[in-house]
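Below: the structure, in C-alpha cells.
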Amino acid sequence: MSGGRILVYLLRHDLRTADNPVLHRLSTSGDHHGYTHLLPVYVLPPDQVELSGLVKDGEICPYPRASATSSGNWKCSVHRIKFLVECVWDLKENLERLGSGLVIRAGAFDAVLKSIIQGYAGDADGPHVGAVWMVEEFSPDQILEQELVSAVCIEFGVELVQFQDQKQFIDDRDLPVQSVSDLPDVFADFQLSLEPLRDRPREPVPTPAKSSLPPLPDGASIPAQHRPFAVPETLQEIIQSLQEPLKPDYSYHHRWLDFDGEALARPPLGGETCAHERLRQVVGQGIASQYHNMRDELHESDRCHKLEAYLSFGCITARQIHRELAKLEDGAEADLALSEGFGRGQNPGTSAIRAELLHRDFVRLCVKKHRHDIFSLDGSGLGKNPGRQWKTPDDQAARPDQGLSPLNVAAIIAQFQAGTTGYGLVDAIMRQLLYTAHISPRGQMLAANFLARYAGVDWRHGVEWVASLSTDADAALHWYSWQHHAGIGPDPQGAGLAKSPVHVAFKYDPNGSLVRRWLPELQGLTKLSNLFQVSTASPGLLRQLGLSDSAMVTSPVPSNHFRRGLAQRLSHFSIPPSSKLFSNRFL
C-alpha cells in the first residue's frame, strides 16, 4: 500500500457504530476529512485489565498486576472480562459489515500508539498516521489515558482530536448550568431544572452507510502487536486467555449448591447488537411501562431493564433508549401495537427510566465537578469528612483505637465478599453479585450501608469488590453511590443512620425468597428471624443443618457499636495476613 494518511480512531467506552460522533463525522463529510484510511483500534489497558494471560511463552508481563489500590481486588474480573471482549468483538463484526474493521491491541495507550505510528513511519513510501481521534472521558483513569495519547501525538507531530461523546441523555450544550461548578449537589434539584425530560434529548445520529467510511489499511501493512503480548484470533480464545489469570474458585459455594456455579451465572452477552435486542424486549414486553414498580427489585430477573452494562461500555446511548420509549408512547411503530402503554403518552414506567438515565448524566457531571474527591476515602462535596475514622485491614494505616485488629477487619471484608456475614439479605446480595455480575441500585445501597455504616469498615473495599464483579463498568457511578450511602458524598441527603441488616431484610425480602434462592444452606431455617440473622437459631437446629461451625454463626460481622466480647469472638477466624489473597479466591 503506497502513500496516504491514516486516521487512528482509539475506542474506549464508545463501542458502537450507531449514534457514534466519530463515525458519523467521517461518513458524512465525503473526502473533506483528508484521510485515505481509517484504523479503528481498541486497547486492552494493563491498569484495568490483567494482561498476563496474553504474554507469549517464556516472556514476562511488563506491567504490575491490574488490581485496585485499596483492596487488591482485580479491577476487571471474570464476568466483566467476558462482557467487555464480547462488546469489542461485536463492534469489530459490525464495522466489518460497514466495510471497515477493528484492531485489538494490548498494552498501555502510549506504547500501543507508538508501535502503530512507528510501524508506519518505517516505510518511507507507505502511508503514515496523520491524526488520532478519540472520545473525551472524565474519570481520573481515563484522563490519564488521554494525557498519554496526547504526549505521544506531540512527540511524533500527529494531530489529536478529542470528541464530545453523545451517549448521555441530555447533551451538555442543553444543560441549565454554564459550568459544572454551578451544578447542584442534590439530584432532585438538577432533575427539576430539566423538566419535562421527554422533550430534552437530541436525536441520535444514524449508523454509517456501508462503504461510507475510509477503508481499513491493508492488513499486511498494519503494525503487529508489540511484545511481549499476542492477541488471539478468535473471540473465545481472547476471553479464555484474559480469564485464565483470574482463576475463579467457587469451591466454597459448591459445598452447598447442587448446581454448577458457571451454569448459574448468566450475565448478559455483550455488544451493540445484544444491547438493541434487549432494548426492543424492554419496550415490547411491557418492562418499560412497568419499570417504576421494578427498578428497586433485588431479585436478578428479566423484569429489570438490564441496560446499565451496555450504557457503561457505550454499546448503546441514552438518547437511543429515549427514542424507543417515545415510539411506544406516541404509537409511532406498528410492531409495538400490542405492547403495554402503546400510544398513551409518557407513563410512570417510561418516566422512571428517563429519570434513571438523567441520574447517570448527573453522576458524570459530579465527577467533572468534584474530580478526584469522588474516589477519596474522605468523601466529596458537602459530605466530605476527613475526620471520620474507618476500620481498616492495613497494619500501617490502622489506628490503635479502631477497636478491631487489622486481621479481624480483613476477616469481615472476606466474609462480606463471600456472602458469609451472618445476615441473610446482605449475604444473598453478595452471592447474587458473585454469580450473575448484577447488583441492583437497592442492592448496592444495602451492601454499602452494611459495610460502611453498620460495620464501619473502609468502604473502598466494598466498592472495589462490587465494581470488579459487575458488568456495569461505570466506575464513577459505583463510587458516587458508595460515597452517598456511606454518608460522605456531595448530596447531604445521603447522610443518615446505619440501617439494621435484619430490619431491612424484613422490609425488602418479606418472605425470605431472595435469601433462600442464593443461600440454599439456610433452606432449613423456617423462621425469618433466623434466616435474616443466622446466629439467632437454636444450637440444635444449627447442628442439624451443619451450620454450627459456619462463620455466619461463630463470627457474625459485628456492628460498628460492637461490644468487646464480639470483637474477641472474631479472633479465631483465620485467614491469610493479606485479605487480598482471600479475596482473589472468589473472583
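Every chain in the C-alpha cells has a letter given in the order shown (A, B, ...), and although residue numbers restart at 1 in each chain, ligands are simply numbered from 1 in the order shown.
If you count only C-alpha atoms and ignore residues fewer than 5 places along the chain from segment 85-96 of chain A, what sits within 7 Å of it is Leu15, Arg16, Gly101, Leu102, Leu235, Ile239, Leu269, Gly270, Gly271 and Glu272 of chain A.
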Generate the output file for the selected residues, C-alpha atoms, as a short mmCIF file (atom, residue, chain, number, x, y, z; two decimals), in the first residue's frame.
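Heads up, here's the output in out-v5.cif:
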data_model
loop_
_atom_site.label_atom_id
_atom_site.label_comp_id
_atom_site.auth_asym_id
_atom_site.auth_seq_id
_atom_site.Cartn_x
_atom_site.Cartn_y
_atom_site.Cartn_z
CA LEU A 15 -18.26 0.60 21.43
CA ARG A 16 -20.99 1.12 18.83
CA GLY A 101 -12.75 -3.29 10.75
CA LEU A 102 -11.16 -3.15 14.19
CA LEU A 235 -13.39 -14.36 20.46
CA ILE A 239 -11.82 -14.48 26.62
CA LEU A 269 -23.96 -11.16 26.28
CA GLY A 270 -22.02 -8.03 25.43
CA GLY A 271 -22.17 -5.82 22.38
CA GLU A 272 -24.18 -3.26 20.43
#
Could you build a table of the residues in segment 498-554 of chain A lying no more than 12 Å from segment 427-440 of chain A, giving for each the nearest pair of atoms and their separation in Å rounded to one decimal place, using only C-alpha atoms, ordered by chain and ascending residue number, as CSV?
residue,atom,partner,partner_atom,distance
A:Pro501,CA,A:Asp427,CA,10.2
A:Val502,CA,A:Asp427,CA,11.7
A:Ala505,CA,A:Ala428,CA,10.4
A:Tyr508,CA,A:Ile429,CA,11.6
A:Asp509,CA,A:Ala428,CA,10.5
A:Gly512,CA,A:Ala428,CA,10.1
A:Ser513,CA,A:Ala428,CA,9.9
A:Leu514,CA,A:Ala428,CA,6.6
A:Val515,CA,A:Ala428,CA,5.1
A:Arg516,CA,A:Ala428,CA,8.0
A:Arg517,CA,A:Ala428,CA,7.8
A:Trp518,CA,A:Ala428,CA,5.2
A:Leu519,CA,A:Ala428,CA,6.2
A:Pro520,CA,A:Ala428,CA,9.8
A:Glu521,CA,A:Ala428,CA,11.4
A:Leu522,CA,A:Ala428,CA,10.7
A:Leu531,CA,A:Asp427,CA,10.8
A:Phe532,CA,A:Asp427,CA,9.4
A:Gln533,CA,A:Asp427,CA,10.4
A:Val534,CA,A:Asp427,CA,10.9
A:Ala551,CA,A:Asp427,CA,11.9
A:Met552,CA,A:Asp427,CA,9.5
Non-local contacts of Ser115 of chain A (12 Å; only C-alpha atoms; under 5 positions in same chain excluded) as a list in words: Arg105, Ala106, Gly107, Ala108, Phe109, Asp110, Tyr120, Ala121, Gly122, Val129, Val152, Phe156, Ile222, Pro223, Ala224, Gln225, His226 and Arg227 of chain A
Could you go through segment 378-510 of chain A and tell me which residues DSSP, when run on the backbone, assigns to alpha helix (DSSP H), listing them as a PyMOL selection string? chain A and resi 406-418+424-436+441-448+460-469+475-486+501-508
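Distances from A:Arg364, A:Lys369, A:His128, A:Arg200 to Trp479 of chain A were compared using only C-alpha atoms, and the smallest one belongs to A:Arg364.
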Between atom CA of Pro539 of chain A and atom CA of Thr554 of chain A, measure the distance and give it in Å to one decimal. 11.1 Å
Determine the nearest neighbour of Glu50 of chain A from the options A:Leu242, A:Leu192, A:Leu84, A:Ile287, counting only C-alpha atoms. A:Leu242
